[in-house]
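As provided, model30.cif (mmCIF, C-alpha atoms) reads as follows.
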data_my_file
loop_
_atom_site.label_atom_id
_atom_site.label_comp_id
_atom_site.auth_asym_id
_atom_site.auth_seq_id
_atom_site.Cartn_x
_atom_site.Cartn_y
_atom_site.Cartn_z
CA MET A 300 -19.84 -2.89 27.17
CA ALA A 301 -21.38 0.57 26.94
CA VAL A 302 -17.93 2.13 27.40
CA LYS A 303 -16.41 -0.04 24.72
CA LYS A 304 -19.22 0.79 22.32
CA ASN A 305 -18.78 4.52 22.95
CA LYS A 306 -15.05 4.23 22.43
CA ASN A 307 -15.65 2.51 19.10
CA ILE A 308 -18.13 5.08 17.93
CA GLU A 309 -15.88 7.93 19.01
CA PHE A 310 -12.94 6.43 17.18
CA LYS A 311 -14.84 5.54 14.05
CA CYS A 312 -16.26 9.00 13.66
CA SER A 313 -12.88 10.61 13.99
CA LEU A 314 -11.22 8.18 11.57
CA LYS A 315 -14.21 8.57 9.29
CA ASP A 316 -13.67 12.35 9.29
CA VAL A 317 -10.04 11.81 8.32
CA LEU A 318 -10.93 9.36 5.56
CA ASP A 319 -13.64 11.67 4.23
CA ILE A 320 -10.91 14.25 3.69
CA VAL A 321 -7.92 12.21 2.53
CA GLY A 322 -9.47 8.84 1.68
CA GLY A 323 -10.56 9.63 -1.88
CA LYS A 324 -8.73 8.35 -4.92
CA TRP A 325 -6.97 11.63 -5.69
CA SER A 326 -6.43 13.47 -2.38
CA ILE A 327 -3.19 11.74 -1.40
CA PRO A 328 -1.61 11.94 -4.90
CA ILE A 329 -2.38 15.70 -4.99
CA ILE A 330 -1.07 16.29 -1.46
CA TYR A 331 2.05 14.25 -2.24
CA THR A 332 2.72 16.27 -5.37
CA LEU A 333 2.55 19.47 -3.32
CA PHE A 334 5.14 18.29 -0.77
CA ASP A 335 7.74 19.52 -3.29
CA GLY A 336 6.39 23.07 -3.13
CA LYS A 337 3.76 25.19 -4.80
CA LYS A 338 2.43 24.17 -8.21
CA ARG A 339 0.26 25.72 -10.87
CA PHE A 340 -2.89 23.92 -11.93
CA SER A 341 -1.30 22.80 -15.20
CA GLU A 342 1.74 21.43 -13.36
CA LEU A 343 -0.47 19.40 -11.06
CA GLU A 344 -2.43 18.09 -14.01
CA ARG A 345 0.79 17.07 -15.77
CA THR A 346 2.37 15.47 -12.71
CA ILE A 347 -0.54 13.33 -11.48
CA PRO A 348 -1.07 10.42 -13.87
CA ASN A 349 -4.59 9.79 -15.19
CA ILE A 350 -6.34 12.58 -13.31
CA ASN A 351 -8.76 14.54 -15.47
CA THR A 352 -9.34 18.29 -15.30
CA ARG A 353 -12.81 18.06 -13.76
CA MET A 354 -11.61 15.76 -10.97
CA LEU A 355 -8.56 17.91 -10.27
CA VAL A 356 -10.73 21.04 -9.96
CA LYS A 357 -13.15 19.23 -7.65
CA GLU A 358 -10.47 17.70 -5.45
CA LEU A 359 -8.50 20.94 -5.13
CA LYS A 360 -11.67 22.75 -4.09
CA LYS A 361 -12.39 20.11 -1.45
CA LEU A 362 -8.81 20.22 -0.15
CA GLU A 363 -9.01 24.03 -0.05
CA GLU A 364 -12.30 23.92 1.88
CA ASN A 365 -10.66 21.56 4.36
CA ARG A 366 -7.73 24.02 4.71
CA ILE A 367 -5.20 21.44 3.54
CA VAL A 368 -4.42 23.30 0.32
CA LYS A 369 -3.99 27.04 -0.14
CA ARG A 370 -4.99 28.64 -3.46
CA GLU A 371 -3.31 31.90 -4.48
CA ALA A 372 -4.41 33.87 -7.53
CA PHE A 373 -2.06 36.46 -9.04
CA ALA A 374 -3.21 39.32 -11.27
CA THR A 375 -0.68 38.54 -13.97
CA VAL A 376 -1.48 38.46 -17.68
CA PRO A 377 -2.61 35.76 -18.19
CA PRO A 378 -3.80 35.21 -14.56
CA THR A 379 -1.76 32.75 -12.52
CA VAL A 380 -3.11 30.43 -9.85
CA GLU A 381 -0.79 28.56 -7.51
CA TYR A 382 -1.59 25.80 -5.07
CA SER A 383 0.44 24.94 -1.99
CA LEU A 384 0.00 23.05 1.27
CA ASN A 385 -1.06 24.69 4.50
CA HIS A 386 0.53 23.55 7.76
CA LYS A 387 -2.34 21.08 8.19
CA GLY A 388 -1.52 19.48 4.82
CA MET A 389 2.23 19.53 5.37
CA MET A 390 1.72 17.61 8.63
CA LEU A 391 0.52 14.67 6.51
CA LYS A 392 3.97 14.33 4.96
CA PRO A 393 5.52 11.83 7.43
CA ILE A 394 2.34 9.74 7.37
CA ILE A 395 2.14 9.56 3.58
CA MET A 396 5.88 8.85 3.36
CA ASP A 397 5.43 5.98 5.86
CA LEU A 398 2.53 4.65 3.79
CA HIS A 399 4.73 4.79 0.73
CA LYS A 400 7.55 2.97 2.60
CA TRP A 401 5.05 0.32 3.72
CA GLY A 402 4.10 -0.16 0.07
CA GLU A 403 7.69 -0.51 -1.03
CA GLU A 404 8.32 -3.12 1.65
CA PHE A 405 5.10 -5.10 1.46
CA VAL A 406 3.26 -4.59 -1.80
CA ASP A 407 4.17 -7.11 -4.47
CA GLN A 408 5.21 -5.57 -7.71
CA MET B 132 14.08 16.46 -16.68
CA ALA B 133 13.90 12.84 -17.82
CA VAL B 134 15.21 11.70 -14.45
CA LYS B 135 12.67 13.80 -12.59
CA LYS B 136 9.88 12.48 -14.74
CA ASN B 137 10.93 8.88 -14.16
CA LYS B 138 11.16 9.47 -10.43
CA ASN B 139 7.62 10.87 -10.43
CA ILE B 140 6.24 7.97 -12.40
CA GLU B 141 8.03 5.44 -10.21
CA PHE B 142 6.67 7.06 -7.09
CA LYS B 143 3.15 7.45 -8.36
CA CYS B 144 2.91 3.83 -9.36
CA SER B 145 4.07 2.64 -5.99
CA LEU B 146 1.77 5.02 -4.09
CA LYS B 147 -1.00 4.08 -6.48
CA ASP B 148 -0.46 0.40 -5.61
CA VAL B 149 -0.73 1.27 -1.92
CA LEU B 150 -3.88 3.34 -2.43
CA ASP B 151 -5.46 0.63 -4.57
CA ILE B 152 -5.13 -1.66 -1.56
CA VAL B 153 -5.90 0.58 1.42
CA GLY B 154 -7.43 3.64 -0.22
CA GLY B 155 -11.01 2.42 -0.44
CA LYS B 156 -13.75 3.63 1.84
CA TRP B 157 -13.77 0.52 4.02
CA SER B 158 -10.23 -0.94 4.01
CA ILE B 159 -8.82 1.22 6.80
CA PRO B 160 -11.89 0.89 9.09
CA ILE B 161 -11.71 -2.91 8.69
CA ILE B 162 -7.95 -3.03 9.29
CA TYR B 163 -8.30 -0.74 12.31
CA THR B 164 -10.99 -2.95 13.81
CA LEU B 165 -8.67 -5.95 13.48
CA PHE B 166 -5.79 -4.25 15.36
CA ASP B 167 -7.59 -5.42 18.53
CA GLY B 168 -7.30 -9.06 17.50
CA LYS B 169 -9.23 -11.63 15.50
CA LYS B 170 -12.90 -11.09 14.84
CA ARG B 171 -15.77 -13.10 13.45
CA PHE B 172 -17.62 -11.76 10.44
CA SER B 173 -20.62 -10.78 12.57
CA GLU B 174 -18.37 -8.91 15.03
CA LEU B 175 -16.81 -6.92 12.19
CA GLU B 176 -20.23 -6.14 10.80
CA ARG B 177 -21.41 -4.93 14.21
CA THR B 178 -18.29 -2.88 14.95
CA ILE B 179 -17.92 -0.98 11.67
CA PRO B 180 -20.69 1.61 11.39
CA ASN B 181 -22.75 1.70 8.19
CA ILE B 182 -20.95 -1.08 6.33
CA ASN B 183 -23.32 -3.49 4.62
CA THR B 184 -22.85 -7.25 4.38
CA ARG B 185 -22.07 -7.25 0.68
CA MET B 186 -19.38 -4.59 1.01
CA LEU B 187 -17.82 -6.31 4.02
CA VAL B 188 -17.62 -9.63 2.13
CA LYS B 189 -16.07 -7.90 -0.88
CA GLU B 190 -13.56 -5.87 1.12
CA LEU B 191 -12.48 -8.82 3.27
CA LYS B 192 -11.91 -10.87 0.13
CA LYS B 193 -9.79 -8.10 -1.37
CA LEU B 194 -7.78 -7.70 1.85
CA GLU B 195 -7.30 -11.47 1.98
CA GLU B 196 -6.10 -11.55 -1.65
CA ASN B 197 -3.62 -8.81 -0.79
CA ARG B 198 -2.43 -10.85 2.22
CA ILE B 199 -3.35 -8.14 4.69
CA VAL B 200 -6.10 -10.18 6.29
CA LYS B 201 -6.04 -13.89 7.14
CA ARG B 202 -9.28 -15.91 7.02
CA GLU B 203 -9.56 -19.03 9.17
CA ALA B 204 -12.51 -21.38 8.93
CA PHE B 205 -13.21 -23.82 11.77
CA ALA B 206 -15.25 -26.98 11.38
CA THR B 207 -17.50 -26.21 14.33
CA VAL B 208 -21.29 -26.57 14.32
CA PRO B 209 -22.30 -24.06 13.07
CA PRO B 210 -19.07 -23.32 11.12
CA THR B 211 -16.98 -20.44 12.47
CA VAL B 212 -14.90 -18.05 10.37
CA GLU B 213 -12.39 -15.71 11.96
CA TYR B 214 -10.49 -12.84 10.41
CA SER B 215 -7.18 -11.47 11.65
CA LEU B 216 -4.31 -9.35 10.36
CA ASN B 217 -1.20 -10.82 8.80
CA HIS B 218 2.16 -9.21 9.54
CA LYS B 219 1.73 -7.02 6.45
CA GLY B 220 -1.57 -5.67 7.80
CA MET B 221 -0.27 -5.23 11.34
CA MET B 222 2.58 -3.10 9.98
CA LEU B 223 -0.05 -0.52 8.99
CA LYS B 224 -0.91 0.06 12.66
CA PRO B 225 1.52 2.93 13.40
CA ILE B 226 0.58 4.64 10.14
CA ILE B 227 -3.17 4.44 10.73
CA MET B 228 -2.72 5.55 14.35
CA ASP B 229 -0.70 8.55 13.13
CA LEU B 230 -3.44 9.37 10.61
CA HIS B 231 -5.96 9.19 13.42
CA LYS B 232 -3.80 11.48 15.59
CA TRP B 233 -3.50 13.92 12.68
CA GLY B 234 -7.30 13.95 12.48
CA GLU B 235 -7.69 14.61 16.18
CA GLU B 236 -5.26 17.51 15.99
CA PHE B 237 -6.32 19.08 12.72
CA VAL B 238 -9.79 18.05 11.66
CA ASP B 239 -12.50 20.42 12.86
CA GLN B 240 -15.33 18.73 14.69
#
Rewrite the structure from the file as structure tokens, please.
Amino acid sequence: MAVKKNKNIEFKCSLKDVLDIVGGKWSIPIIYTLFDGKKRFSELERTIPNINTRMLVKELKKLEENRIVKREAFATVPPTVEYSLNHKGMMLKPIIMDLHKWGEEFVDQ
Amino acid sequence: MAVKKNKNIEFKCSLKDVLDIVGGKWSIPIIYTLFDGKKRFSELERTIPNINTRMLVKELKKLEENRIVKREAFATVPPTVEYSLNHKGMMLKPIIMDLHKWGEEFVDQ
């Protein structure tokens, strides 16, 4: 019983950590959009339906802190900022694609 | 350009449908807990850390409406209610396990 309880707690915490990072409303749509390659802020904003600027800023910052997204600023005129996926973020690709496939197979339209 | 835009919209809607169903804070922890087999309400409540009764009722109802979870009521004294996964929910198992594995490999403790 004690072992089972520990196993549960151990699992839940780890899954909880994952969901804290990618479980929000916008994380997966942003990550998915970056599978195609690097994007500027304005491109992300245009590509992800219904996201507002404040949320996109906040989510990108969180994804950057969690080393899923890389932010590169270039000293162009005007300044350019590009976002891309780190290895850690790119490793989510097969999982998100499987989730998408599950949706296509099982979610009623 | 039009084709690309349509493809994006089509994808986003489908992924959005998926995330509306399993993207909430509690859906995946509940589904994961049911991979083991059917559970009573009280067992779910005990097993999922920090969920409160109201949220568990609400989430189970949503998962039932989306045919991920099956609810069975038995005319025992006192009445018994058991929750289990439908095929649709069970098909999320490999995806959630992969997400968990991703977390173990990439999420800093």
Quiz prompt | 10 Å contacts from chain A to chain B using only C-alpha atoms, as a ChimeraX atom specification | solution = /A:304,307-308,310-325,327-328,331-332,346-348,365-367,386-388,390-391,393-408
Quiz item: Which of these, A:Met389, A:Ala372, A:Asp335, A:Tyr382, has the shortest distance to Lys360 in chain A once you count all atoms listed in the file?
Solution: A:Tyr382
Quiz prompt | Pairwise distance for CA of Asn385 in chain A and CA of Arg339 in chain A, rounded to one decimal in Å | solution = 15.5 Å
Exercise. Step by step, work through what the PyMOL selection byres ((chain A and resi 359) around 9) selects in the shown file, and finish by giving those residues as a ChimeraX atom specification.
Key: /A:326,329,354-358,360-364,368,370,382
Quiz item: If you measure from CA of Phe334 in chain A to CA of Ser383 in chain A, what distance in Å do you get, rounded to one decimal?
Solution: 8.2 Å
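Distance-wise, CA of Leu384 in chain A and CA of Phe340 in chain A end up 13.5 Å apart.
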Put a box with edges along x, y and z around all the listed atoms of range 325-329 of chain A, pad it by 6 Å on each side, then give me its centre and sizes in Å, one decimal, as lines of an AutoDock Vina configuration file.
center_x = -4.3
center_y = 13.7
center_z = -3.5
size_x = 17.4
size_y = 16.1
size_z = 16.3
